[in-house]
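Participant: For reference, the structure I am asking about is given below.
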Amino acid sequence: MSLKVALILQKMPRKPRRRRQRPVSFSPFGRSMAFLYPTKKMKHQILDSVIKDMSAPSTSDVEISANGVVKDGTFQNHGETSDSSDDGEFDGVVQADFSFFDPKPDDFNGVKVLLQTYMDDKLWDLSGFVDLILGQTTVGTVVKIEDDEDEGVYAFVTALNMGRYKDHKCMIELKEFLLKSCKEDSVSNLRSLLGEKAQDVGLLVSQRVVNLPPQLLPPLYDALFDEVSWATEDEPTEELQKSFCFKSYLMISKIYKHKNANKKMGKSGDREEDIIYSKPEDELFDQLSSWSFSFPLHTQQVTANELKDYRPMGLVMAVDASKVGIFRKQLHSLIDES
């Protein structure tokens, strides 16, 4: 049995003024090959099993089926053919070209699915949070399949100003959740970012289906940070322009932490033996962060044998905006070398 995979790079025209053409994804079943994404560290390789054993739908559970439909559950072998096949061979080229788009209201359900466990098991104004994301069209990207009638959302990334949206119910609840989850040694730093410095803080939200081609990551983050830069000049009012002059980025993600890991982590080299990052870029962000803390998650229990000694944890990181250039270079290198 064989499966031919074609990778296609195309460009979509950008609508807003001064904004460059969006880099566009790669196609086809690069997405099904994403499970084979090689990394230098063994800890990334065992994540395949995590996907099969989550008890609740989440960003890590949502996958792409052979016909380009977002689904929950175990990854399917897209190379399989029906019982009626004479020789069991698949010699065709399956294409599903991913493209980058500006957020729009029709993306509501797709984005909401990807954010189901963004705040663990907390009941909060998730719909209001999705509305904020989709309402910010000048900074933010959704990844979909070109000419897909269902317009399923396979990834999105955005940066929301914590001060600009501070009075929205969803942001108030998010702040309460973070402060309640925060470790004592990071509380003062977190309170500062959520309080007097909130106007200079961008909440970086990046969610995607687990088997999205990793080759999409560099152009996806490049698009985000380019848009942030352009918004400081292109937004119609000075107030809006200033709202994108971020000095720091705050991120919420997920890791898998060894049960015997030291409570107080040492240098990054020590952490690498104790932590598995669910997304490769999170390790880069963590290494560049000014501070970070982790907290237990309740919605997901790991049953994969390879992760029997690990537990899912939320990870909160604060990264100075001055480190963005370093991150972009490191991400390109990480993906190019894989």
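Identifiers in the structure tokens: chain A, B, ... in order shown; residue index from 1 per chain; ligand index from 1 in order shown.
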Mind listing the alpha helix (DSSP H) residues of range 174-267 of chain A, per DSSP on the backbone, as a PyMOL selection string?
Facilitator: chain A and resi 174-181+187-194+217-234+238-242
Participant: Skipping near chain neighbours, those fewer than 6 positions away, what residues fall within 9 Å of Met162 in chain A using only C-alpha atoms, listed as a list in words?
Facilitator: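 Using only C-alpha atoms, the neighbours found are Met171, Leu193, Leu194, Gly195, Lys197, Ala198, Gln199, Asp200, Val201, Gly202 and Leu203 of chain A.
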Participant: Would you save the residues from that selection as a JSON list (two decimals), in the first residue's frame, using N, CA, C and O atoms?
Facilitator:
[["chain", "number", "residue", "atom", "x", "y", "z"],
["A", 171, "MET", "N", -12.73, 38.52, 29.61],
["A", 171, "MET", "CA", -11.40, 38.90, 30.08],
["A", 171, "MET", "C", -11.33, 38.98, 31.60],
["A", 171, "MET", "O", -10.32, 38.61, 32.21],
["A", 193, "LEU", "N", 1.11, 42.58, 35.00],
["A", 193, "LEU", "CA", 0.73, 42.50, 33.58],
["A", 193, "LEU", "C", -0.78, 42.62, 33.39],
["A", 193, "LEU", "O", -1.25, 43.17, 32.39],
["A", 194, "LEU", "N", -1.53, 42.11, 34.36],
["A", 194, "LEU", "CA", -2.99, 42.17, 34.24],
["A", 194, "LEU", "C", -3.56, 43.48, 34.76],
["A", 194, "LEU", "O", -4.73, 43.79, 34.53],
["A", 195, "GLY", "N", -2.73, 44.24, 35.45],
["A", 195, "GLY", "CA", -3.19, 45.49, 36.05],
["A", 195, "GLY", "C", -2.64, 46.73, 35.39],
["A", 195, "GLY", "O", -3.06, 47.10, 34.29],
["A", 197, "LYS", "N", 0.03, 47.38, 33.78],
["A", 197, "LYS", "CA", 0.70, 47.23, 32.49],
["A", 197, "LYS", "C", -0.18, 46.59, 31.42],
["A", 197, "LYS", "O", 0.29, 46.33, 30.31],
["A", 198, "ALA", "N", -1.44, 46.38, 31.73],
["A", 198, "ALA", "CA", -2.32, 45.64, 30.83],
["A", 198, "ALA", "C", -2.41, 46.25, 29.43],
["A", 198, "ALA", "O", -2.53, 45.54, 28.43],
["A", 199, "GLN", "N", -2.34, 47.58, 29.35],
["A", 199, "GLN", "CA", -2.45, 48.25, 28.07],
["A", 199, "GLN", "C", -1.28, 47.93, 27.14],
["A", 199, "GLN", "O", -1.37, 48.12, 25.92],
["A", 200, "ASP", "N", -0.20, 47.42, 27.70],
["A", 200, "ASP", "CA", 0.98, 47.09, 26.90],
["A", 200, "ASP", "C", 1.14, 45.59, 26.68],
["A", 200, "ASP", "O", 2.16, 45.15, 26.14],
["A", 201, "VAL", "N", 0.14, 44.81, 27.09],
["A", 201, "VAL", "CA", 0.24, 43.35, 27.04],
["A", 201, "VAL", "C", -0.69, 42.77, 25.98],
["A", 201, "VAL", "O", -1.88, 43.10, 25.92],
["A", 202, "GLY", "N", -0.14, 41.90, 25.14],
["A", 202, "GLY", "CA", -0.94, 41.19, 24.15],
["A", 202, "GLY", "C", -1.14, 39.75, 24.59],
["A", 202, "GLY", "O", -0.17, 39.04, 24.86],
["A", 203, "LEU", "N", -2.40, 39.33, 24.70],
["A", 203, "LEU", "CA", -2.70, 37.94, 24.99],
["A", 203, "LEU", "C", -2.59, 37.17, 23.68],
["A", 203, "LEU", "O", -3.41, 37.32, 22.78]]
Participant: What are the DSSP strand (DSSP E) residues of range 109-243 of chain A, as a list in words?
Facilitator: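 Of range 109-243 of chain A, only Thr141, Val142, Val143, Lys144, Ile145, Ala155, Phe156, Val157, Thr158, Ala159, Leu160, Asn161, Val201, Gly202, Leu203, Leu204, Val205, Ser206, Gln207 and Arg208 of chain A fall in strand (DSSP E).
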Participant: Any chance you can output those residues with all heavy atoms as a short mmCIF file (atom, residue, chain, number, x, y, z; two decimals), in the first residue's frame?
Facilitator:
data_model
loop_
_atom_site.label_atom_id
_atom_site.label_comp_id
_atom_site.auth_asym_id
_atom_site.auth_seq_id
_atom_site.Cartn_x
_atom_site.Cartn_y
_atom_site.Cartn_z
N THR A 141 -5.33 35.54 12.23
CA THR A 141 -5.38 34.67 11.06
C THR A 141 -6.12 33.38 11.39
O THR A 141 -5.92 32.82 12.48
CB THR A 141 -3.97 34.31 10.58
OG1 THR A 141 -3.29 35.49 10.16
CG2 THR A 141 -4.00 33.33 9.41
N VAL A 142 -6.96 32.92 10.48
CA VAL A 142 -7.55 31.59 10.59
C VAL A 142 -7.06 30.77 9.40
O VAL A 142 -6.87 31.29 8.31
CB VAL A 142 -9.09 31.63 10.62
CG1 VAL A 142 -9.59 32.33 11.87
CG2 VAL A 142 -9.65 32.28 9.37
N VAL A 143 -6.83 29.49 9.64
CA VAL A 143 -6.35 28.59 8.60
C VAL A 143 -7.49 27.66 8.20
O VAL A 143 -8.08 26.99 9.05
CB VAL A 143 -5.15 27.76 9.08
CG1 VAL A 143 -4.70 26.79 7.99
CG2 VAL A 143 -4.00 28.67 9.49
N LYS A 144 -7.81 27.66 6.92
CA LYS A 144 -8.87 26.82 6.39
C LYS A 144 -8.41 26.18 5.09
O LYS A 144 -7.35 26.52 4.56
CB LYS A 144 -10.14 27.65 6.15
CG LYS A 144 -10.73 28.24 7.43
CD LYS A 144 -12.06 28.92 7.22
CE LYS A 144 -11.92 30.26 6.53
NZ LYS A 144 -13.19 31.00 6.49
N ILE A 145 -9.21 25.25 4.59
CA ILE A 145 -8.91 24.62 3.32
C ILE A 145 -9.53 25.44 2.21
O ILE A 145 -10.71 25.81 2.27
CB ILE A 145 -9.42 23.17 3.27
CG1 ILE A 145 -8.61 22.31 4.24
CG2 ILE A 145 -9.35 22.60 1.86
CD1 ILE A 145 -9.04 20.86 4.29
N ALA A 155 -6.86 26.05 12.34
CA ALA A 155 -5.94 26.76 13.23
C ALA A 155 -6.30 28.23 13.23
O ALA A 155 -6.95 28.73 12.30
CB ALA A 155 -4.49 26.57 12.78
N PHE A 156 -5.90 28.90 14.28
CA PHE A 156 -6.02 30.36 14.29
C PHE A 156 -4.97 30.91 15.25
O PHE A 156 -4.50 30.22 16.15
CB PHE A 156 -7.42 30.83 14.69
CG PHE A 156 -7.70 30.73 16.16
CD1 PHE A 156 -7.40 31.77 17.03
CD2 PHE A 156 -8.28 29.58 16.68
CE1 PHE A 156 -7.66 31.67 18.39
CE2 PHE A 156 -8.53 29.46 18.04
CZ PHE A 156 -8.22 30.51 18.90
N VAL A 157 -4.62 32.16 15.04
CA VAL A 157 -3.69 32.84 15.93
C VAL A 157 -4.08 34.31 15.99
O VAL A 157 -4.53 34.88 14.98
CB VAL A 157 -2.22 32.68 15.45
CG1 VAL A 157 -2.00 33.34 14.11
CG2 VAL A 157 -1.24 33.21 16.49
N THR A 158 -3.95 34.91 17.15
CA THR A 158 -4.27 36.33 17.30
C THR A 158 -3.56 36.87 18.53
O THR A 158 -2.95 36.13 19.30
CB THR A 158 -5.80 36.54 17.43
OG1 THR A 158 -6.11 37.94 17.28
CG2 THR A 158 -6.31 36.06 18.78
N ALA A 159 -3.63 38.17 18.72
CA ALA A 159 -3.09 38.83 19.91
C ALA A 159 -4.07 39.90 20.33
O ALA A 159 -4.35 40.84 19.57
CB ALA A 159 -1.72 39.44 19.62
N LEU A 160 -4.61 39.77 21.53
CA LEU A 160 -5.62 40.69 22.05
C LEU A 160 -5.02 41.56 23.15
O LEU A 160 -4.37 41.05 24.06
CB LEU A 160 -6.81 39.91 22.62
CG LEU A 160 -7.54 38.96 21.66
CD1 LEU A 160 -8.58 38.14 22.43
CD2 LEU A 160 -8.19 39.73 20.53
N ASN A 161 -5.27 42.87 23.07
CA ASN A 161 -4.76 43.78 24.08
C ASN A 161 -5.52 43.60 25.39
O ASN A 161 -6.74 43.76 25.46
CB ASN A 161 -4.90 45.23 23.59
CG ASN A 161 -4.27 46.23 24.54
OD1 ASN A 161 -4.75 46.46 25.64
ND2 ASN A 161 -3.17 46.83 24.11
N VAL A 201 0.14 44.81 27.09
CA VAL A 201 0.24 43.35 27.04
C VAL A 201 -0.69 42.77 25.98
O VAL A 201 -1.88 43.10 25.92
CB VAL A 201 -0.10 42.73 28.41
CG1 VAL A 201 -0.04 41.20 28.33
CG2 VAL A 201 0.86 43.25 29.47
N GLY A 202 -0.14 41.90 25.14
CA GLY A 202 -0.94 41.19 24.15
C GLY A 202 -1.14 39.75 24.59
O GLY A 202 -0.17 39.04 24.86
N LEU A 203 -2.40 39.33 24.70
CA LEU A 203 -2.70 37.94 24.99
C LEU A 203 -2.59 37.17 23.68
O LEU A 203 -3.41 37.32 22.78
CB LEU A 203 -4.11 37.79 25.58
CG LEU A 203 -4.56 36.36 25.88
CD1 LEU A 203 -3.73 35.77 27.02
CD2 LEU A 203 -6.05 36.32 26.22
N LEU A 204 -1.53 36.37 23.54
CA LEU A 204 -1.29 35.64 22.31
C LEU A 204 -2.04 34.31 22.40
O LEU A 204 -1.72 33.47 23.24
CB LEU A 204 0.21 35.40 22.11
CG LEU A 204 0.68 35.04 20.69
CD1 LEU A 204 2.19 35.26 20.55
CD2 LEU A 204 0.35 33.60 20.34
N VAL A 205 -3.03 34.15 21.54
CA VAL A 205 -3.86 32.94 21.53
C VAL A 205 -3.60 32.19 20.23
O VAL A 205 -3.85 32.73 19.14
CB VAL A 205 -5.35 33.27 21.65
CG1 VAL A 205 -6.17 31.99 21.84
CG2 VAL A 205 -5.60 34.24 22.80
N SER A 206 -3.10 30.97 20.34
CA SER A 206 -2.79 30.16 19.16
C SER A 206 -3.27 28.74 19.40
O SER A 206 -2.72 28.02 20.23
CB SER A 206 -1.27 30.17 18.89
OG SER A 206 -0.95 29.34 17.79
N GLN A 207 -4.30 28.33 18.68
CA GLN A 207 -4.86 26.99 18.81
C GLN A 207 -4.96 26.35 17.43
O GLN A 207 -5.19 27.03 16.43
CB GLN A 207 -6.24 27.06 19.45
CG GLN A 207 -6.27 27.72 20.83
CD GLN A 207 -5.68 26.86 21.91
OE1 GLN A 207 -4.48 26.90 22.16
NE2 GLN A 207 -6.51 26.09 22.59
N ARG A 208 -4.85 25.03 17.40
CA ARG A 208 -4.94 24.34 16.11
C ARG A 208 -5.25 22.86 16.30
O ARG A 208 -5.12 22.34 17.41
CB ARG A 208 -3.62 24.47 15.34
CG ARG A 208 -2.40 23.90 16.05
CD ARG A 208 -1.16 24.10 15.21
NE ARG A 208 0.06 23.57 15.80
CZ ARG A 208 0.87 24.26 16.59
NH1 ARG A 208 0.58 25.52 16.88
NH2 ARG A 208 1.97 23.71 17.06
#
Participant: Could you give me, as a Markdown table, every range 188-275 of chain A residue with an atom at most 7 Å from range 129-139 of chain A, plus its closest atom pair and distance in Å to one decimal, counting only C-alpha atoms, rows ordered by chain then number?
Facilitator:
| residue | atom | partner | partner_atom | distance |
| --- | --- | --- | --- | --- |
| A:Leu224 | CA | A:Val139 | CA | 6.5 |
| A:Glu227 | CA | A:Val139 | CA | 5.4 |
| A:Val228 | CA | A:Val139 | CA | 6.1 |
Participant: Using CA of Phe295 in chain A and CA of Asp274 in chain A as the two end points, give the distance in Å to one decimal.
Facilitator: 14.6 Å
Participant: So, counting only C-alpha atoms, which residue among A:Tyr118, A:Pro280, A:Leu297, A:Glu151 is closest to Val210 in chain A?
Facilitator: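 Of A:Tyr118, A:Pro280, A:Leu297, A:Glu151, the one nearest Val210 in chain A is A:Pro280, counting only C-alpha atoms.
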Participant: With only C-alpha atoms as the counted atoms, please give the residues lying no more than 12 Å from Glu173 in chain A, apart from itself and same-chain residues fewer than 3 positions off, as a list in words.
Facilitator: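 In the requested form, the answer reads Met119, Lys122, Leu123, Trp124, Asp125, Leu126, Gly128, Phe129, Tyr165, Lys166, Asp167, His168, Lys169, Cys170, Glu176, Phe177, Leu178, Leu179, Lys180 and Leu194 of chain A.
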Participant: Rank nothing, just name the residue among A:Val209, A:Ser290, A:Ala321, A:Glu233 nearest to Ser278 in chain A, using only C-alpha atoms.
Facilitator: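 The shortest atom-to-atom distance to Ser278 in chain A comes from A:Val209.
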Participant: So which residues touch Ser289 in chain A within 8 Å, counting only C-alpha atoms, skipping near sequence neighbours fewer than 6 positions away, as a list in words?
Facilitator: Met317, Ala318, Val319 and Asp320 of chain A
Participant: Kindly export the residues of the current selection with all heavy atoms, as an mmCIF file, in the first residue's frame.
Facilitator:
data_model
loop_
_atom_site.group_PDB
_atom_site.id
_atom_site.type_symbol
_atom_site.label_atom_id
_atom_site.label_comp_id
_atom_site.auth_asym_id
_atom_site.auth_seq_id
_atom_site.Cartn_x
_atom_site.Cartn_y
_atom_site.Cartn_z
ATOM 1 N N MET A 317 3.062 31.770 30.208
ATOM 2 C CA MET A 317 4.373 32.366 29.927
ATOM 3 C C MET A 317 4.230 33.849 29.602
ATOM 4 O O MET A 317 3.257 34.261 28.980
ATOM 5 C CB MET A 317 5.028 31.655 28.725
ATOM 6 C CG MET A 317 5.264 30.183 28.912
ATOM 7 S SD MET A 317 5.822 29.377 27.371
ATOM 8 C CE MET A 317 4.272 29.268 26.463
ATOM 9 N N ALA A 318 5.212 34.623 30.017
ATOM 10 C CA ALA A 318 5.291 36.036 29.664
ATOM 11 C C ALA A 318 6.577 36.266 28.885
ATOM 12 O O ALA A 318 7.668 35.944 29.375
ATOM 13 C CB ALA A 318 5.276 36.912 30.916
ATOM 14 N N VAL A 319 6.457 36.789 27.689
ATOM 15 C CA VAL A 319 7.610 36.989 26.814
ATOM 16 C C VAL A 319 7.690 38.458 26.407
ATOM 17 O O VAL A 319 6.697 39.030 25.949
ATOM 18 C CB VAL A 319 7.508 36.110 25.543
ATOM 19 C CG1 VAL A 319 8.695 36.362 24.620
ATOM 20 C CG2 VAL A 319 7.430 34.634 25.921
ATOM 21 N N ASP A 320 8.859 39.070 26.583
ATOM 22 C CA ASP A 320 9.052 40.450 26.150
ATOM 23 C C ASP A 320 8.918 40.547 24.637
ATOM 24 O O ASP A 320 9.425 39.686 23.906
ATOM 25 C CB ASP A 320 10.435 40.960 26.566
ATOM 26 C CG ASP A 320 10.532 41.207 28.060
ATOM 27 O OD1 ASP A 320 9.481 41.292 28.718
ATOM 28 O OD2 ASP A 320 11.666 41.314 28.569
#
Participant: Considering only C-alpha atoms, state which residue in the set A:Leu115, A:Ala261, A:Met313, A:Leu217 is at the smallest distance from His332 in chain A.
Facilitator: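 Of the candidates, the smallest distance to His332 in chain A is held by A:Leu217.
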